>>> print(open('run.cif').read())   # mmCIF, C-alpha atoms
data_upload
loop_
_atom_site.label_atom_id
_atom_site.label_comp_id
_atom_site.auth_asym_id
_atom_site.auth_seq_id
_atom_site.Cartn_x
_atom_site.Cartn_y
_atom_site.Cartn_z
CA MET O 1 42.03 294.27 -35.94
CA LEU O 2 42.70 290.58 -36.35
CA ILE O 3 39.60 288.42 -36.92
CA VAL O 4 39.83 284.79 -35.84
CA GLY O 5 37.43 282.15 -37.11
CA LEU O 6 36.83 279.44 -34.52
CA THR O 7 35.24 276.22 -35.73
CA GLY O 8 34.87 272.56 -34.87
CA GLY O 9 32.47 269.71 -35.29
CA ILE O 10 29.54 269.06 -33.00
CA GLY O 11 30.74 268.04 -29.56
CA SER O 12 34.31 269.25 -30.14
CA GLY O 13 34.03 271.94 -27.47
CA LYS O 14 34.32 275.03 -29.66
CA SER O 15 31.87 276.89 -27.40
CA VAL O 16 34.07 276.13 -24.40
CA VAL O 17 37.09 277.53 -26.27
CA ALA O 18 35.06 280.57 -27.39
CA GLY O 19 34.08 281.17 -23.77
CA LEU O 20 37.73 281.03 -22.80
CA PHE O 21 38.62 283.68 -25.40
CA GLU O 22 35.75 285.81 -24.09
CA THR O 23 36.98 285.38 -20.49
CA LEU O 24 40.39 286.58 -21.67
CA GLY O 25 38.73 289.79 -22.89
CA PHE O 26 38.23 289.13 -26.61
CA PRO O 27 34.78 289.76 -28.14
CA VAL O 28 33.10 286.67 -29.61
CA TYR O 29 30.43 286.62 -32.33
CA ASP O 30 28.47 283.37 -31.97
CA SER O 31 27.26 282.87 -35.53
CA ASP O 32 25.04 279.90 -34.67
CA ARG O 33 23.16 281.85 -32.00
CA GLU O 34 22.96 284.96 -34.19
CA ALA O 35 21.74 282.92 -37.18
CA LYS O 36 18.85 281.64 -35.05
CA ARG O 37 18.01 285.17 -33.90
CA ILE O 38 18.21 286.61 -37.42
CA THR O 39 16.22 283.75 -38.96
CA ALA O 40 13.48 284.36 -36.40
CA THR O 41 13.40 288.16 -36.83
CA SER O 42 14.55 289.14 -40.33
CA PRO O 43 11.70 290.16 -42.66
CA VAL O 44 13.90 289.25 -45.66
CA ILE O 45 14.41 285.70 -44.41
CA ARG O 46 10.82 285.38 -43.28
CA ASN O 47 9.47 286.37 -46.71
CA ARG O 48 11.82 284.11 -48.66
CA LEU O 49 11.31 281.06 -46.41
CA SER O 50 7.54 281.59 -46.40
CA GLU O 51 7.48 281.85 -50.20
CA ARG O 52 9.37 278.58 -50.52
CA PHE O 53 7.97 276.52 -47.63
CA GLY O 54 4.58 278.13 -46.99
CA PRO O 55 3.34 280.59 -44.35
CA GLU O 56 3.22 277.85 -41.69
CA ILE O 57 7.02 278.00 -41.49
CA TYR O 58 6.32 280.90 -39.10
CA SER O 59 3.50 280.52 -36.62
CA GLU O 60 2.42 283.34 -34.33
CA ASN O 61 5.43 285.39 -35.48
CA THR O 62 7.78 282.60 -34.42
CA LEU O 63 9.90 280.41 -36.67
CA ASN O 64 8.65 276.83 -36.63
CA LYS O 65 12.07 275.26 -36.06
CA ILE O 66 10.76 271.71 -36.03
CA LEU O 67 9.06 272.15 -39.41
CA LEU O 68 12.10 273.88 -40.90
CA SER O 69 14.41 271.12 -39.63
CA SER O 70 12.15 268.44 -41.13
CA LEU O 71 12.17 270.24 -44.49
CA LEU O 72 15.96 270.61 -44.50
CA PHE O 73 17.15 267.29 -43.10
CA GLY O 74 18.13 265.00 -45.95
CA ASN O 75 16.93 267.44 -48.63
CA GLU O 76 19.96 269.02 -50.30
CA LYS O 77 17.91 271.44 -52.45
CA ASN O 78 15.96 272.82 -49.49
CA LEU O 79 19.12 273.08 -47.39
CA LYS O 80 20.98 274.96 -50.13
CA PHE O 81 18.06 277.32 -50.55
CA ALA O 82 17.76 278.03 -46.81
CA ASN O 83 21.51 278.61 -46.57
CA SER O 84 21.43 280.95 -49.58
CA VAL O 85 18.79 283.02 -47.76
CA ILE O 86 20.17 282.89 -44.21
CA HIS O 87 23.97 283.10 -44.67
CA PRO O 88 24.04 286.49 -46.45
CA GLU O 89 21.89 288.06 -43.71
CA VAL O 90 24.12 286.61 -40.98
CA MET O 91 27.18 287.89 -42.86
CA LYS O 92 25.68 291.42 -42.96
CA ASP O 93 25.09 291.25 -39.21
CA PHE O 94 28.63 290.00 -38.62
CA LEU O 95 30.14 292.81 -40.69
CA GLN O 96 28.15 295.36 -38.66
CA TRP O 97 29.38 293.65 -35.48
CA THR O 98 33.01 293.89 -36.62
CA GLU O 99 32.51 297.61 -37.32
CA GLN O 100 31.35 298.05 -33.72
CA HIS O 101 34.52 296.29 -32.49
CA GLN O 102 37.07 298.13 -34.65
CA GLY O 103 39.04 299.21 -31.58
CA CYS O 104 39.72 295.63 -30.51
CA ARG O 105 43.03 294.07 -31.46
CA LEU O 106 41.45 290.60 -31.83
CA THR O 107 37.87 289.39 -32.29
CA ILE O 108 36.52 285.86 -32.63
CA VAL O 109 33.72 284.50 -34.80
CA GLU O 110 32.54 281.10 -33.60
CA SER O 111 30.95 279.07 -36.38
CA ALA O 112 30.30 275.35 -36.77
CA ILE O 113 30.16 275.92 -40.54
CA LEU O 114 33.00 278.42 -40.91
CA PHE O 115 34.14 277.02 -44.27
CA GLU O 116 30.74 275.95 -45.62
CA SER O 117 29.18 279.38 -44.97
CA GLY O 118 32.01 281.45 -46.47
CA PHE O 119 32.93 283.02 -43.12
CA ASP O 120 36.47 281.70 -43.64
CA LYS O 121 36.95 284.32 -46.36
CA ARG O 122 36.21 287.10 -43.83
CA VAL O 123 38.72 286.01 -41.17
CA ASP O 124 42.48 286.36 -40.88
CA ILE O 125 43.19 283.24 -38.84
CA LYS O 126 41.28 279.94 -38.68
CA ILE O 127 41.29 277.76 -35.55
CA SER O 128 39.69 274.34 -35.40
CA VAL O 129 38.77 272.64 -32.12
CA SER O 130 39.28 268.91 -32.42
CA ALA O 131 38.28 265.99 -30.22
CA PRO O 132 38.14 262.20 -30.61
CA LEU O 133 34.93 260.95 -32.23
CA GLU O 134 33.78 258.83 -29.28
CA LEU O 135 34.25 261.76 -26.89
CA ARG O 136 32.28 264.05 -29.21
CA ILE O 137 29.43 261.52 -29.37
CA GLU O 138 29.43 261.17 -25.59
CA ARG O 139 29.36 264.95 -25.07
CA VAL O 140 26.43 265.48 -27.44
CA GLN O 141 24.48 262.55 -25.99
CA ARG O 142 24.91 263.99 -22.50
CA ARG O 143 24.09 267.56 -23.60
CA ASP O 144 21.14 266.83 -25.92
CA GLY O 145 19.89 263.48 -24.68
CA ALA O 146 20.34 262.17 -28.22
CA THR O 147 20.97 258.60 -29.30
CA LYS O 148 24.36 257.61 -30.67
CA GLU O 149 22.77 257.09 -34.10
CA ALA O 150 21.26 260.59 -34.06
CA VAL O 151 24.60 262.13 -33.12
CA LEU O 152 26.40 260.18 -35.85
CA ALA O 153 23.80 261.38 -38.38
CA ARG O 154 24.49 264.99 -37.38
CA ILE O 155 28.24 264.43 -37.58
CA SER O 156 27.89 262.88 -41.05
CA ASN O 157 26.20 266.11 -42.25
CA GLN O 158 29.21 268.20 -41.20
CA MET O 159 32.55 268.68 -42.89
CA ALA O 160 34.97 265.87 -42.02
CA GLU O 161 37.23 266.76 -39.12
CA GLU O 162 40.38 265.99 -41.14
CA GLU O 163 39.26 268.40 -43.89
CA ARG O 164 38.35 271.13 -41.39
CA ASN O 165 41.67 270.72 -39.57
CA GLY O 166 43.54 270.80 -42.89
CA LYS O 167 42.00 274.17 -43.75
CA SER O 168 42.81 275.67 -40.34
CA ASP O 169 45.90 277.61 -39.26
CA TYR O 170 45.75 276.24 -35.71
CA ILE O 171 44.19 273.20 -34.07
CA ILE O 172 43.18 273.09 -30.42
CA ILE O 173 42.93 269.56 -29.06
CA ASN O 174 40.05 269.18 -26.60
CA ASP O 175 40.42 265.55 -25.54
CA ASN O 176 39.96 265.92 -21.77
CA CYS O 177 43.68 265.17 -21.36
CA ARG O 178 45.40 268.32 -22.66
CA ALA O 179 44.60 271.62 -21.00
CA ILE O 180 42.94 274.11 -23.34
CA LEU O 181 44.19 277.35 -21.76
CA PRO O 182 47.90 276.76 -22.59
CA GLN O 183 46.95 276.00 -26.20
CA VAL O 184 44.95 279.23 -26.44
CA GLU O 185 47.75 281.22 -24.78
CA LYS O 186 50.31 279.76 -27.21
CA ILE O 187 48.18 280.88 -30.17
CA LEU O 188 47.70 284.34 -28.65
CA ASN O 189 51.45 284.64 -28.09
CA GLU O 190 52.16 283.67 -31.71
CA LEU O 191 49.61 286.25 -32.86
CA ALA O 192 51.20 288.81 -30.51
CA CYS O 193 47.90 289.49 -28.75
#
>>> encode(input="run.cif", output="structure tokens")
Amino acid sequence: MLIVGLTGGIGSGKSVVAGLFETLGFPVYDSDREAKRITATSPVIRNRLSERFGPEIYSENTLNKILLSSLLFGNEKNLKFANSVIHPEVMKDFLQWTEQHQGCRLTIVESAILFESGFDKRVDIKISVSAPLELRIERVQRRDGATKEAVLARISNQMAEEERNGKSDYIIINDNCRAILPQVEKILNELAC
């Protein structure tokens, strides 16, 4: 089985590309969605986050996402701690998921932080979805109702697009001009899938 890591900055359209792979019949592990699920349900994560940030980090058996975000945003120590607790549990879940999909010739893991989380070491091929900065800002503003400044702040907390693209084996351009499907098909052909 070939494991493909699919990444891209906020607003690049990586979820659209992941959906296209899924439509073509390839299983996709959405690490961002699974991380939220695991963070909300894992006793290991719950205990460690509660020890560090206090029991109010979970209220009525639900993760207080707003409080957690406020504790992590702009605080490198808290962010590193949370990542050191959450990423290993997500990785365990991903490895179990790959075991369940052993019969597939190709699987995809979609992750905004493919390189930062260490997922890149668990994949065979890395694909980055890239889009012009202004288009990314526009997409996120439309999707989230965020201000341009808020979107730029989120982008500044992510790996630079040039660095991410430089670490990837393939780049899919999602600029609203080039069709995505032919780019995906070309990659699949090169991978003989």
>>> residues_around(input="run.cif", residues="Val109 of chain O", least_positions_apart="3", cutoff="9 Å", atoms="all atoms listed in the file", output="ChimeraX atom specification")
/O:3-7,18,27-31,94,114,119,123
>>> closest_atom_pairs(input="run.cif", of="segment 137-190 of chain O", to="segment 74-82 of chain O", cutoff="12 Å", atoms="all atoms listed in the file", output="Markdown table")
| residue | atom | partner | partner_atom | distance |
| --- | --- | --- | --- | --- |
| O:Ala153 | CA | O:Gly74 | CA | 10.1 |
| O:Arg154 | CA | O:Gly74 | CA | 10.7 |
| O:Ser156 | CA | O:Gly74 | CA | 11.1 |
| O:Asn157 | CA | O:Gly74 | CA | 8.9 |
>>> write_last_selection(input="run.cif", atoms="C-alpha atoms", output="PDB file, in the coordinates of the input")
ATOM      1  CA  ALA O 153      23.800 261.380 -38.380  1.00  0.00           C
ATOM      2  CA  ARG O 154      24.490 264.990 -37.380  1.00  0.00           C
ATOM      3  CA  SER O 156      27.890 262.880 -41.050  1.00  0.00           C
ATOM      4  CA  ASN O 157      26.200 266.110 -42.250  1.00  0.00           C
TER       5      ASN O 157
END
>>> residues_around(input="run.cif", residues="Ser12 of chain O", least_positions_apart="4", cutoff="6 Å", atoms="all atoms listed in the file", output="list in words")
Gly8, Val129, Ser130, Ala131 and Arg136 of chain O
>>> atom_distance(input="run.cif", atom1="atom CA of Glu34 of chain O", atom2="atom CA of Gln183 of chain O")
26.8 Å
>>> closest_residue(input="run.cif", among="O:Trp97, O:Leu49, O:Ala112, O:Leu68", to="Ser84 of chain O", atoms="only C-alpha atoms")
O:Leu49
>>> resolve_selection(input="run.cif", expression="the PyMOL selection byres ((chain O and resi 164) around 10)", output="PyMOL selection string")
chain O and resi 7-9+113-116+126-130+158-163+165-168+171
>>> atom_distance(input="run.cif", atom1="atom CA of Pro43 of chain O", atom2="atom CA of Thr107 of chain O")
28.2 Å
>>> atom_distance(input="run.cif", atom1="atom CA of Glu89 of chain O", atom2="atom CA of Asp32 of chain O")
12.6 Å
>>> closest_residue(input="run.cif", among="O:Lys36, O:Leu135, O:Ser69, O:Cys104", to="Asn174 of chain O", atoms="all atoms listed in the file")
O:Leu135
>>> closest_residue(input="run.cif", among="O:Ile66, O:Val90, O:Cys193, O:Ile10", to="Ala150 of chain O", atoms="only C-alpha atoms")
O:Ile10
>>> resolve_selection(input="run.cif", expression="the PyMOL selection byres ((chain O and resi 64) around 12)", output="list in words")
Lys36, Thr39, Ala40, Arg46, Leu49, Ser50, Phe53, Gly54, Pro55, Glu56, Ile57, Tyr58, Ser59, Glu60, Asn61, Thr62, Leu63, Lys65, Ile66, Leu67, Leu68, Ser69, Ser70 and Leu71 of chain O
>>> closest_residue(input="run.cif", among="O:Leu133, O:Leu191, O:Ile108, O:Ala146", to="Ser15 of chain O", atoms="all atoms listed in the file")
O:Ile108
>>> axis_aligned_box(input="run.cif", around="segment 150-167 of chain O", padding_each_side="4 Å", output="JSON")
{"center_x": 32.4, "center_y": 267.2, "center_z": -38.5, "size_x": 30.3, "size_y": 22.0, "size_z": 18.8}
>>> build_atoms(input="run.cif", residues="segment 159-191 of chain O", atoms="N, CA and C atoms", output="PDB file, keeping the file's coordinate frame")
ATOM      1  N   MET O 159      31.263 268.869 -42.235  1.00  0.00           N
ATOM      2  CA  MET O 159      32.550 268.680 -42.890  1.00  0.00           C
ATOM      3  C   MET O 159      33.375 267.700 -42.060  1.00  0.00           C
ATOM      4  N   ALA O 160      34.114 266.823 -42.723  1.00  0.00           N
ATOM      5  CA  ALA O 160      34.970 265.870 -42.020  1.00  0.00           C
ATOM      6  C   ALA O 160      36.019 266.615 -41.195  1.00  0.00           C
ATOM      7  N   GLU O 161      36.293 266.101 -40.017  1.00  0.00           N
ATOM      8  CA  GLU O 161      37.230 266.760 -39.120  1.00  0.00           C
ATOM      9  C   GLU O 161      38.610 266.925 -39.762  1.00  0.00           C
ATOM     10  N   GLU O 162      39.064 265.916 -40.489  1.00  0.00           N
ATOM     11  CA  GLU O 162      40.380 265.990 -41.140  1.00  0.00           C
ATOM     12  C   GLU O 162      40.413 267.141 -42.152  1.00  0.00           C
ATOM     13  N   GLU O 163      39.333 267.314 -42.902  1.00  0.00           N
ATOM     14  CA  GLU O 163      39.260 268.400 -43.890  1.00  0.00           C
ATOM     15  C   GLU O 163      39.257 269.763 -43.194  1.00  0.00           C
ATOM     16  N   ARG O 164      38.437 269.878 -42.144  1.00  0.00           N
ATOM     17  CA  ARG O 164      38.350 271.130 -41.390  1.00  0.00           C
ATOM     18  C   ARG O 164      39.709 271.475 -40.777  1.00  0.00           C
ATOM     19  N   ASN O 165      40.355 270.491 -40.173  1.00  0.00           N
ATOM     20  CA  ASN O 165      41.670 270.720 -39.570  1.00  0.00           C
ATOM     21  C   ASN O 165      42.702 271.107 -40.627  1.00  0.00           C
ATOM     22  N   GLY O 166      42.607 270.494 -41.806  1.00  0.00           N
ATOM     23  CA  GLY O 166      43.540 270.800 -42.890  1.00  0.00           C
ATOM     24  C   GLY O 166      43.409 272.217 -43.418  1.00  0.00           C
ATOM     25  N   LYS O 167      42.233 272.809 -43.276  1.00  0.00           N
ATOM     26  CA  LYS O 167      42.000 274.170 -43.750  1.00  0.00           C
ATOM     27  C   LYS O 167      42.300 275.220 -42.680  1.00  0.00           C
ATOM     28  N   SER O 168      42.620 274.761 -41.468  1.00  0.00           N
ATOM     29  CA  SER O 168      42.810 275.670 -40.340  1.00  0.00           C
ATOM     30  C   SER O 168      44.286 275.999 -40.126  1.00  0.00           C
ATOM     31  N   ASP O 169      44.531 277.189 -39.573  1.00  0.00           N
ATOM     32  CA  ASP O 169      45.900 277.610 -39.260  1.00  0.00           C
ATOM     33  C   ASP O 169      46.379 277.013 -37.937  1.00  0.00           C
ATOM     34  N   TYR O 170      45.438 276.807 -37.020  1.00  0.00           N
ATOM     35  CA  TYR O 170      45.750 276.240 -35.710  1.00  0.00           C
ATOM     36  C   TYR O 170      44.694 275.209 -35.354  1.00  0.00           C
ATOM     37  N   ILE O 171      45.120 274.217 -34.572  1.00  0.00           N
ATOM     38  CA  ILE O 171      44.190 273.200 -34.070  1.00  0.00           C
ATOM     39  C   ILE O 171      44.342 273.146 -32.558  1.00  0.00           C
ATOM     40  N   ILE O 172      43.214 273.242 -31.866  1.00  0.00           N
ATOM     41  CA  ILE O 172      43.180 273.090 -30.420  1.00  0.00           C
ATOM     42  C   ILE O 172      42.610 271.710 -30.131  1.00  0.00           C
ATOM     43  N   ILE O 173      43.369 270.904 -29.404  1.00  0.00           N
ATOM     44  CA  ILE O 173      42.930 269.560 -29.060  1.00  0.00           C
ATOM     45  C   ILE O 173      42.169 269.611 -27.738  1.00  0.00           C
ATOM     46  N   ASN O 174      40.915 269.182 -27.781  1.00  0.00           N
ATOM     47  CA  ASN O 174      40.050 269.180 -26.600  1.00  0.00           C
ATOM     48  C   ASN O 174      39.661 267.739 -26.289  1.00  0.00           C
ATOM     49  N   ASP O 175      40.623 266.974 -25.760  1.00  0.00           N
ATOM     50  CA  ASP O 175      40.420 265.550 -25.540  1.00  0.00           C
ATOM     51  C   ASP O 175      40.283 265.154 -24.074  1.00  0.00           C
ATOM     52  N   ASN O 176      40.059 266.135 -23.220  1.00  0.00           N
ATOM     53  CA  ASN O 176      39.960 265.920 -21.770  1.00  0.00           C
ATOM     54  C   ASN O 176      41.274 265.488 -21.138  1.00  0.00           C
ATOM     55  N   CYS O 177      42.350 265.497 -21.897  1.00  0.00           N
ATOM     56  CA  CYS O 177      43.680 265.170 -21.360  1.00  0.00           C
ATOM     57  C   CYS O 177      44.581 266.401 -21.391  1.00  0.00           C
ATOM     58  N   ARG O 178      44.570 267.121 -22.510  1.00  0.00           N
ATOM     59  CA  ARG O 178      45.400 268.320 -22.660  1.00  0.00           C
ATOM     60  C   ARG O 178      44.609 269.550 -22.230  1.00  0.00           C
ATOM     61  N   ALA O 179      45.251 270.383 -21.443  1.00  0.00           N
ATOM     62  CA  ALA O 179      44.600 271.620 -21.000  1.00  0.00           C
ATOM     63  C   ALA O 179      44.406 272.556 -22.183  1.00  0.00           C
ATOM     64  N   ILE O 180      43.271 273.216 -22.230  1.00  0.00           N
ATOM     65  CA  ILE O 180      42.940 274.110 -23.340  1.00  0.00           C
ATOM     66  C   ILE O 180      43.629 275.466 -23.190  1.00  0.00           C
ATOM     67  N   LEU O 181      43.648 276.007 -21.978  1.00  0.00           N
ATOM     68  CA  LEU O 181      44.190 277.350 -21.760  1.00  0.00           C
ATOM     69  C   LEU O 181      45.614 277.508 -22.297  1.00  0.00           C
ATOM     70  N   PRO O 182      46.552 276.584 -22.028  1.00  0.00           N
ATOM     71  CA  PRO O 182      47.900 276.760 -22.590  1.00  0.00           C
ATOM     72  C   PRO O 182      47.919 276.763 -24.119  1.00  0.00           C
ATOM     73  N   GLN O 183      47.015 276.004 -24.734  1.00  0.00           N
ATOM     74  CA  GLN O 183      46.950 276.000 -26.200  1.00  0.00           C
ATOM     75  C   GLN O 183      46.469 277.348 -26.722  1.00  0.00           C
ATOM     76  N   VAL O 184      45.464 277.911 -26.054  1.00  0.00           N
ATOM     77  CA  VAL O 184      44.950 279.230 -26.440  1.00  0.00           C
ATOM     78  C   VAL O 184      46.025 280.289 -26.224  1.00  0.00           C
ATOM     79  N   GLU O 185      46.697 280.246 -25.078  1.00  0.00           N
ATOM     80  CA  GLU O 185      47.750 281.220 -24.780  1.00  0.00           C
ATOM     81  C   GLU O 185      48.887 281.146 -25.779  1.00  0.00           C
ATOM     82  N   LYS O 186      49.242 279.926 -26.213  1.00  0.00           N
ATOM     83  CA  LYS O 186      50.310 279.760 -27.210  1.00  0.00           C
ATOM     84  C   LYS O 186      49.913 280.447 -28.532  1.00  0.00           C
ATOM     85  N   ILE O 187      48.666 280.243 -28.944  1.00  0.00           N
ATOM     86  CA  ILE O 187      48.180 280.880 -30.170  1.00  0.00           C
ATOM     87  C   ILE O 187      48.210 282.409 -30.013  1.00  0.00           C
ATOM     88  N   LEU O 188      47.712 282.912 -28.882  1.00  0.00           N
ATOM     89  CA  LEU O 188      47.700 284.340 -28.650  1.00  0.00           C
ATOM     90  C   LEU O 188      49.112 284.916 -28.654  1.00  0.00           C
ATOM     91  N   ASN O 189      50.050 284.200 -28.080  1.00  0.00           N
ATOM     92  CA  ASN O 189      51.450 284.640 -28.090  1.00  0.00           C
ATOM     93  C   ASN O 189      52.001 284.709 -29.516  1.00  0.00           C
ATOM     94  N   GLU O 190      51.690 283.684 -30.310  1.00  0.00           N
ATOM     95  CA  GLU O 190      52.160 283.670 -31.710  1.00  0.00           C
ATOM     96  C   GLU O 190      51.521 284.797 -32.519  1.00  0.00           C
ATOM     97  N   LEU O 191      50.299 285.152 -32.167  1.00  0.00           N
ATOM     98  CA  LEU O 191      49.610 286.250 -32.860  1.00  0.00           C
ATOM     99  C   LEU O 191      49.947 287.604 -32.259  1.00  0.00           C
TER     100      LEU O 191
END
